[in-house]
Structure formats: C-alpha cells, structure tokens
Amino acid sequence: MDPVPKIIDLQFLPEDRLRVVFDGKLDDQIVPSDFVLMLGLQVGTKVSPKVLTKLAFASSVMEAKREGQLICKNSDKNITRSSLRKMLEQRGYLPESIDQAVADLEKSGYIKGAVFAQKWVDRRHKSSPRSKRLIQHELRAKGVDNPDIEQVLSQFSENEEIESAWLVYQKYAKRYRSLAPHVARRRLHGLLMRRGFSHSTIQSVEARFETEVF
C-alpha cells in the first residue's frame, strides 16, 4: 500500500498562488492560495486521495481561467461562452475545469456576450433596421449564446418591431417613387420580408404609409 503523501513545503507565488510540494514522487501542485487556506492545509499535513483530487481540479481550473483571461484580453473578436469553451477544449482542458473557469470568467466580466449583442442591436437599428427574428439569427451566427440574445431581445417590443419596419419602408419608398405604384409596393413588401418582418407587421406599415406616399 502506497504511503499517504505529506506536504513538505508551501511556496507563495505571484498572483495569489501557492506551490504545494509533497514528499515522495508526487508532482507539485500550483493552486490558488485561498483554496489551500480553505482546506486548512499546511506543512506536515498528510493528504488523502480525495484532497489530492480537489487540488488537481483547482489547479486545472486556475490554469484554464488564466488561459481564458489572456484569450479575452488579447482577442479583437467577440468572445462568448461557447467560443471560449471551444478554445479551451482545443488547449486540452477537461470539460469540468472549463465549465468552472468559464463561469468564473463570466462573473468577473471577461465574457461580455450581452454587451456585444446590445451594441449589435443598436447599430442595426441606426444603420440597417431589421426584424427581431433576423437579428436573433445574426447574433447566433456571430456566436452569441442564447441567454445573452434572449436578455437583449426581451426588451424589443412589438412597437419597436413596427418602428424598425417603418424606418425601412420610409427610406426605400423614396427610392421607388419613379416606379409604378404596384411595382413599388411589391418591392417594398419583398424588402421587408427579406428583413425578417412578419406579415402582420408589414401590413401595419403598408396601411400607415399608403396615404403618405401613393
């Protein structure tokens, strides 16, 4: 039966880390210093297999978080939960460590999917209005996670949907003034459909605009 390993040294490292040194052939573990304090470990402590497993997990989570922080800080692209998970998986981290690391990074504000989604919605509304459904599809294509999409689009009321369609209709109706009325209507209807607006929204806008343009 293998002897129970014992801690023979605790070495303080930068960034609130501790190197736990064991006797025998067991590899050192670098873990958060507060984790060591939480477990009540000190020089001379004999460490059970259960505690060793906890130390190994804490070490893996810490390294995954450090890697994730660097990814988020150095990337010029939108980093979401799913995209970060994928990148950490490619670097060899275990799923359990990734889940905890990503959750911690989100709490710390490193992952800002909702912020990106809100900016995307605001930018679309100003430059190229479109429906809630189409924006939802675009955000998913950008890798934004569903909870962040739902959080932002939950504020998108039916009146805002109609207003977005109205802005599109106004803009393009001016371009189609030289066309026959029925041709202009057909093109405007098709344009709003391609922007993802529902039939009822299109009807509301067409009825509103009818007397002003044609």
# chains A, B, ... in the order shown; residues from 1 in each chain; ligands from 1
>>> residues_around(residues="Ser97 of chain A", least_positions_apart="3", cutoff="6 Å", atoms="only C-alpha atoms", output="list in words")
Val61, Leu94 and Gln100 of chain A
>>> residues_around(residues="segment 147-152 of chain A", least_positions_apart="3", cutoff="6 Å", atoms="only C-alpha atoms", output="PyMOL selection string")
chain A and resi 113-114+118
>>> write_last_selection(atoms="N, CA and C atoms", output="compact mmCIF listing (two decimals), in the first residue's frame")
# COMPACT_ATOMS: atom_id res chain seq x y z
N GLY A 113 -20.97 38.76 -23.78
CA GLY A 113 -21.85 38.47 -24.91
C GLY A 113 -23.05 39.39 -24.98
N ALA A 114 -23.63 39.71 -23.81
CA ALA A 114 -24.81 40.57 -23.78
C ALA A 114 -24.46 41.99 -24.21
N GLN A 118 -26.12 43.85 -27.43
CA GLN A 118 -26.81 45.13 -27.34
C GLN A 118 -26.24 46.13 -28.33
>>> select_by_dssp(residues="segment 146-179 of chain A", states="helix (DSSP H, G or I)", output="list in words")
Asn146, Pro147, Asp148, Ile149, Glu150, Gln151, Val152, Leu153, Glu158, Asn159, Glu160, Glu161, Ile162, Glu163, Ser164, Ala165, Trp166, Leu167, Val168, Tyr169, Gln170, Lys171, Tyr172, Ala173, Lys174 and Arg175 of chain A
>>> residues_around(residues="Lys25 of chain A", least_positions_apart="3", cutoff="10 Å", atoms="only C-alpha atoms", output="PyMOL selection string")
chain A and resi 5+22+28
>>> write_last_selection(atoms="C-alpha atoms", output="compact mmCIF listing (two decimals), in the first residue's frame")
# COMPACT_ATOMS: atom_id res chain seq x y z
CA PRO A 5 1.75 11.80 0.77
CA PHE A 22 4.85 16.83 -1.49
CA ASP A 28 3.94 19.64 -7.10
>>> closest_residue(among="A:Leu26, A:Leu18, A:Leu188, A:Ile111", to="Ser59 of chain A", atoms="only C-alpha atoms")
A:Leu18
>>> residues_around(residues="Met87 of chain A", least_positions_apart="6", cutoff="10 Å", atoms="only C-alpha atoms", output="list in words")
Glu67, Gly68, Ile71, Tyr93 and Ile98 of chain A
>>> closest_atom_pairs(of="segment 97-133 of chain A", to="segment 189-201 of chain A", cutoff="9 Å", atoms="only C-alpha atoms", output="tab-separated table")
residue	atom	partner	partner_atom	distance
A:Pro129	CA	A:Arg195	CA	7.9
A:Arg130	CA	A:Arg195	CA	5.0
A:Ser131	CA	A:Gly196	CA	5.1
A:Lys132	CA	A:Gly196	CA	7.6
A:Arg133	CA	A:Gly196	CA	6.1
>>> write_last_selection(atoms="N, CA and C atoms", output="PDB file, in the first residue's frame")
ATOM      1  N   PRO A 129     -32.122  48.837 -40.175  1.00  0.00           N
ATOM      2  CA  PRO A 129     -33.149  48.198 -39.335  1.00  0.00           C
ATOM      3  C   PRO A 129     -33.642  46.880 -39.913  1.00  0.00           C
ATOM      4  N   ARG A 130     -33.914  45.955 -39.017  1.00  0.00           N
ATOM      5  CA  ARG A 130     -34.446  44.658 -39.424  1.00  0.00           C
ATOM      6  C   ARG A 130     -35.233  44.052 -38.271  1.00  0.00           C
ATOM      7  N   SER A 131     -35.832  42.921 -38.516  1.00  0.00           N
ATOM      8  CA  SER A 131     -36.724  42.328 -37.520  1.00  0.00           C
ATOM      9  C   SER A 131     -35.960  41.693 -36.365  1.00  0.00           C
ATOM     10  N   LYS A 132     -36.692  41.493 -35.295  1.00  0.00           N
ATOM     11  CA  LYS A 132     -36.141  40.802 -34.127  1.00  0.00           C
ATOM     12  C   LYS A 132     -35.681  39.395 -34.507  1.00  0.00           C
ATOM     13  N   ARG A 133     -36.465  38.728 -35.333  1.00  0.00           N
ATOM     14  CA  ARG A 133     -36.132  37.355 -35.740  1.00  0.00           C
ATOM     15  C   ARG A 133     -34.833  37.295 -36.528  1.00  0.00           C
TER      16      ARG A 133
END
>>> select_by_dssp(residues="chain A", states="strand (DSSP E or B)", output="ChimeraX atom specification")
/A:6-13,17-22,29-32,46
